[in-house]
Amino acid sequence: MYKRARLIDTVEVPPEHLADVTPELVKKLLQDKLEGRVDEDVGSVVSVVDIHDIGDGAVLHNEPGVYYEVEFDALTFDPQMQEVVDGEIVEVVSFGAFVGIGPVDGLLHVSQISDEYLALDTENQQLASRESSRTLGVGDAVRTRIVTKSIDERNPRDSKIGLTAKQVGLGKHGWLKAERERRQTQAEPGER
């Protein structure tokens, strides 16, 4: 889930920039320091948005820069258990598909896509069913639900998010649209 959060952090302003400590400079330093990092409390920092307050600078012994406490807003992404998320297939492998959901990828295991057997079609980079001719490939939009989450703050790339599409209303967007259309054509004229 994306959130706008009010945060406080300390930023070091190098000596060469001390003559011109502006909100723009502080924002740039915070972006370099925080964007892409994961914090247990707020999730992944996607972007530093607005600077609200820059405190008085503090000098530390044997440190060349000046440290400022800054209050700012940041756009964060923190996936929640059981949250329904839309994403795009970014990679297909024999055991499932990786789905881009915000700044992270989640694994949609082959057992969590369909009750049908899906085989990897390496030539077309997709998982394919022989029974229904359904395919799931790179670039396809999907709706999934987060079922497992293990966030590694030290190395965000090692974080793991497990997804499922085995519920009504979940799956490849094209499949969901076809299912809605099928139900509408089966409904009696007075029920539409």
# chains A, B, ... in the order shown; residues from 1 in each chain; ligands from 1
call {"tool": "select_by_dssp", "arguments": {"residues": "chain A", "states": "strand (DSSP E)", "output": "PyMOL selection string"}}
result
chain A and resi 2-13+38-39+43-59+66-77+84-93+96-101+104-109+118-121+126-129+135-137+141-150+160-164+171-172
call {"tool": "closest_atom_pairs", "arguments": {"of": "stretch 68-180 of chain A", "to": "stretch 27-51 of chain A", "cutoff": "10 Å", "atoms": "only C-alpha atoms", "output": "JSON lines"}}
result
{"residue": "A:Val70", "atom": "CA", "partner": "A:Ile51", "partner_atom": "CA", "distance": 7.4}
{"residue": "A:Glu71", "atom": "CA", "partner": "A:Ile51", "partner_atom": "CA", "distance": 6.3}
{"residue": "A:Phe72", "atom": "CA", "partner": "A:Ile51", "partner_atom": "CA", "distance": 4.4}
{"residue": "A:Asp73", "atom": "CA", "partner": "A:Asp50", "partner_atom": "CA", "distance": 5.1}
{"residue": "A:Ala74", "atom": "CA", "partner": "A:Val48", "partner_atom": "CA", "distance": 4.3}
{"residue": "A:Leu75", "atom": "CA", "partner": "A:Ser47", "partner_atom": "CA", "distance": 5.1}
{"residue": "A:Thr76", "atom": "CA", "partner": "A:Val45", "partner_atom": "CA", "distance": 4.5}
{"residue": "A:Phe77", "atom": "CA", "partner": "A:Ser44", "partner_atom": "CA", "distance": 5.1}
{"residue": "A:Asp78", "atom": "CA", "partner": "A:Gly43", "partner_atom": "CA", "distance": 4.3}
{"residue": "A:Pro79", "atom": "CA", "partner": "A:Gly43", "partner_atom": "CA", "distance": 7.6}
{"residue": "A:Gln80", "atom": "CA", "partner": "A:Gly43", "partner_atom": "CA", "distance": 9.8}
{"residue": "A:Gly102", "atom": "CA", "partner": "A:Val46", "partner_atom": "CA", "distance": 9.0}
{"residue": "A:Pro103", "atom": "CA", "partner": "A:Val46", "partner_atom": "CA", "distance": 7.4}
{"residue": "A:Val104", "atom": "CA", "partner": "A:Ser44", "partner_atom": "CA", "distance": 8.9}
{"residue": "A:Ile151", "atom": "CA", "partner": "A:Glu40", "partner_atom": "CA", "distance": 8.1}
{"residue": "A:Asp152", "atom": "CA", "partner": "A:Val38", "partner_atom": "CA", "distance": 7.8}
{"residue": "A:Glu153", "atom": "CA", "partner": "A:Val38", "partner_atom": "CA", "distance": 5.2}
{"residue": "A:Arg154", "atom": "CA", "partner": "A:Val38", "partner_atom": "CA", "distance": 7.7}
{"residue": "A:Asn155", "atom": "CA", "partner": "A:Val38", "partner_atom": "CA", "distance": 8.4}
{"residue": "A:Pro156", "atom": "CA", "partner": "A:Val38", "partner_atom": "CA", "distance": 6.4}
{"residue": "A:Arg157", "atom": "CA", "partner": "A:Val38", "partner_atom": "CA", "distance": 10.0}
{"residue": "A:Ser159", "atom": "CA", "partner": "A:Val38", "partner_atom": "CA", "distance": 9.8}
call {"tool": "residues_around", "arguments": {"residues": "A:Gly171", "least_positions_apart": "2", "cutoff": "8 Å", "atoms": "only C-alpha atoms", "output": "short mmCIF file (atom, residue, chain, number, x, y, z; two decimals) with C-alpha atoms, in the first residue's frame"}}
result
data_model
loop_
_atom_site.label_atom_id
_atom_site.label_comp_id
_atom_site.auth_asym_id
_atom_site.auth_seq_id
_atom_site.Cartn_x
_atom_site.Cartn_y
_atom_site.Cartn_z
CA ILE A 113 -2.29 -19.25 -10.39
CA VAL A 142 -2.73 -9.36 -12.95
CA ARG A 143 -4.71 -8.87 -9.75
CA THR A 144 -3.34 -10.85 -6.80
CA ALA A 165 -4.54 -15.52 -7.72
CA LYS A 166 -6.73 -18.50 -6.71
CA GLN A 167 -9.82 -16.62 -5.59
CA GLY A 169 -11.89 -11.74 -8.65
CA HIS A 173 -7.03 -9.00 -16.10
CA TRP A 175 -9.32 -13.66 -17.70
CA LEU A 176 -11.33 -11.54 -15.26
#
call {"tool": "residues_around", "arguments": {"residues": "stretch 9-24 of chain A", "least_positions_apart": "5", "cutoff": "6 Å", "atoms": "only C-alpha atoms", "output": "mmCIF file with N, CA and C atoms, in the first residue's frame"}}
result
data_model
loop_
_atom_site.group_PDB
_atom_site.id
_atom_site.type_symbol
_atom_site.label_atom_id
_atom_site.label_comp_id
_atom_site.auth_asym_id
_atom_site.auth_seq_id
_atom_site.Cartn_x
_atom_site.Cartn_y
_atom_site.Cartn_z
ATOM 1 N N GLY A 65 31.032 17.707 8.101
ATOM 2 C CA GLY A 65 29.748 18.305 7.756
ATOM 3 C C GLY A 65 28.990 18.816 8.959
ATOM 4 N N VAL A 66 27.832 19.413 8.664
ATOM 5 C CA VAL A 66 26.919 19.867 9.707
ATOM 6 C C VAL A 66 25.654 19.018 9.580
ATOM 7 N N TYR A 67 25.129 18.559 10.716
ATOM 8 C CA TYR A 67 23.970 17.664 10.738
ATOM 9 C C TYR A 67 22.711 18.441 11.097
ATOM 10 N N TYR A 68 21.685 18.258 10.271
ATOM 11 C CA TYR A 68 20.414 18.946 10.469
ATOM 12 C C TYR A 68 19.307 17.903 10.648
ATOM 13 N N GLU A 69 18.451 18.138 11.648
ATOM 14 C CA GLU A 69 17.261 17.307 11.795
ATOM 15 C C GLU A 69 16.190 17.913 10.891
ATOM 16 N N VAL A 70 15.589 17.052 10.061
ATOM 17 C CA VAL A 70 14.651 17.531 9.052
ATOM 18 C C VAL A 70 13.317 16.812 9.208
#
call {"tool": "select_by_dssp", "arguments": {"residues": "stretch 131-181 of chain A", "states": "helix (DSSP H, G or I)", "output": "PyMOL selection string"}}
result
chain A and resi 156-158+173-181
call {"tool": "write_last_selection", "arguments": {"atoms": "C-alpha atoms", "output": "short mmCIF file (atom, residue, chain, number, x, y, z; two decimals), in the first residue's frame"}}
result
data_model
loop_
_atom_site.label_atom_id
_atom_site.label_comp_id
_atom_site.auth_asym_id
_atom_site.auth_seq_id
_atom_site.Cartn_x
_atom_site.Cartn_y
_atom_site.Cartn_z
CA PRO A 156 15.72 -5.15 0.35
CA ARG A 157 16.39 -7.24 -2.77
CA ASP A 158 16.30 -10.34 -0.55
CA HIS A 173 -7.03 -9.00 -16.10
CA GLY A 174 -7.99 -10.54 -19.45
CA TRP A 175 -9.32 -13.66 -17.70
CA LEU A 176 -11.33 -11.54 -15.26
CA LYS A 177 -12.86 -9.51 -18.11
CA ALA A 178 -13.79 -12.68 -20.03
CA GLU A 179 -15.40 -14.13 -16.89
CA ARG A 180 -17.48 -10.95 -16.32
CA GLU A 181 -18.65 -11.00 -19.94
#
call {"tool": "residues_around", "arguments": {"residues": "stretch 106-110 of chain A", "least_positions_apart": "5", "cutoff": "9 Å", "atoms": "only C-alpha atoms", "output": "short mmCIF file (atom, residue, chain, number, x, y, z; two decimals) with C-alpha atoms, in the first residue's frame"}}
result
data_model
loop_
_atom_site.label_atom_id
_atom_site.label_comp_id
_atom_site.auth_asym_id
_atom_site.auth_seq_id
_atom_site.Cartn_x
_atom_site.Cartn_y
_atom_site.Cartn_z
CA SER A 94 9.15 -22.82 -14.45
CA PHE A 95 7.84 -22.47 -10.88
CA GLY A 96 5.72 -19.34 -11.42
CA ALA A 97 5.80 -15.68 -12.32
CA PHE A 98 7.30 -12.61 -10.71
CA VAL A 99 4.86 -9.73 -10.45
CA GLY A 100 5.98 -6.11 -10.18
CA ILE A 101 3.95 -4.50 -7.39
CA TYR A 117 -1.52 -27.57 -14.94
CA LEU A 118 0.60 -24.74 -16.34
CA ALA A 119 3.77 -25.48 -18.28
CA LEU A 127 3.03 -20.20 -18.64
CA THR A 144 -3.34 -10.85 -6.80
CA ILE A 146 -0.44 -10.90 -0.71
CA LYS A 160 10.14 -12.09 -0.31
CA ILE A 161 6.47 -11.50 -1.04
CA GLY A 162 4.18 -14.43 -1.87
CA LEU A 163 1.06 -13.88 -3.96
CA THR A 164 -2.05 -15.85 -4.87
CA ALA A 165 -4.54 -15.52 -7.72
#
call {"tool": "atom_distance", "arguments": {"atom1": "atom CA of A:Gln82", "atom2": "atom CA of A:Arg145"}}
result
5.7 Å
call {"tool": "closest_residue", "arguments": {"among": "A:Asp105, A:Glu83, A:Glu116, A:Asp121", "to": "A:Val147", "atoms": "only C-alpha atoms"}}
result
A:Glu83
call {"tool": "atom_distance", "arguments": {"atom1": "atom CA of A:Asp140", "atom2": "atom CA of A:Gly87"}}
result
8.5 Å
call {"tool": "atom_distance", "arguments": {"atom1": "atom CA of A:His52", "atom2": "atom CA of A:Lys3"}}
result
17.3 Å
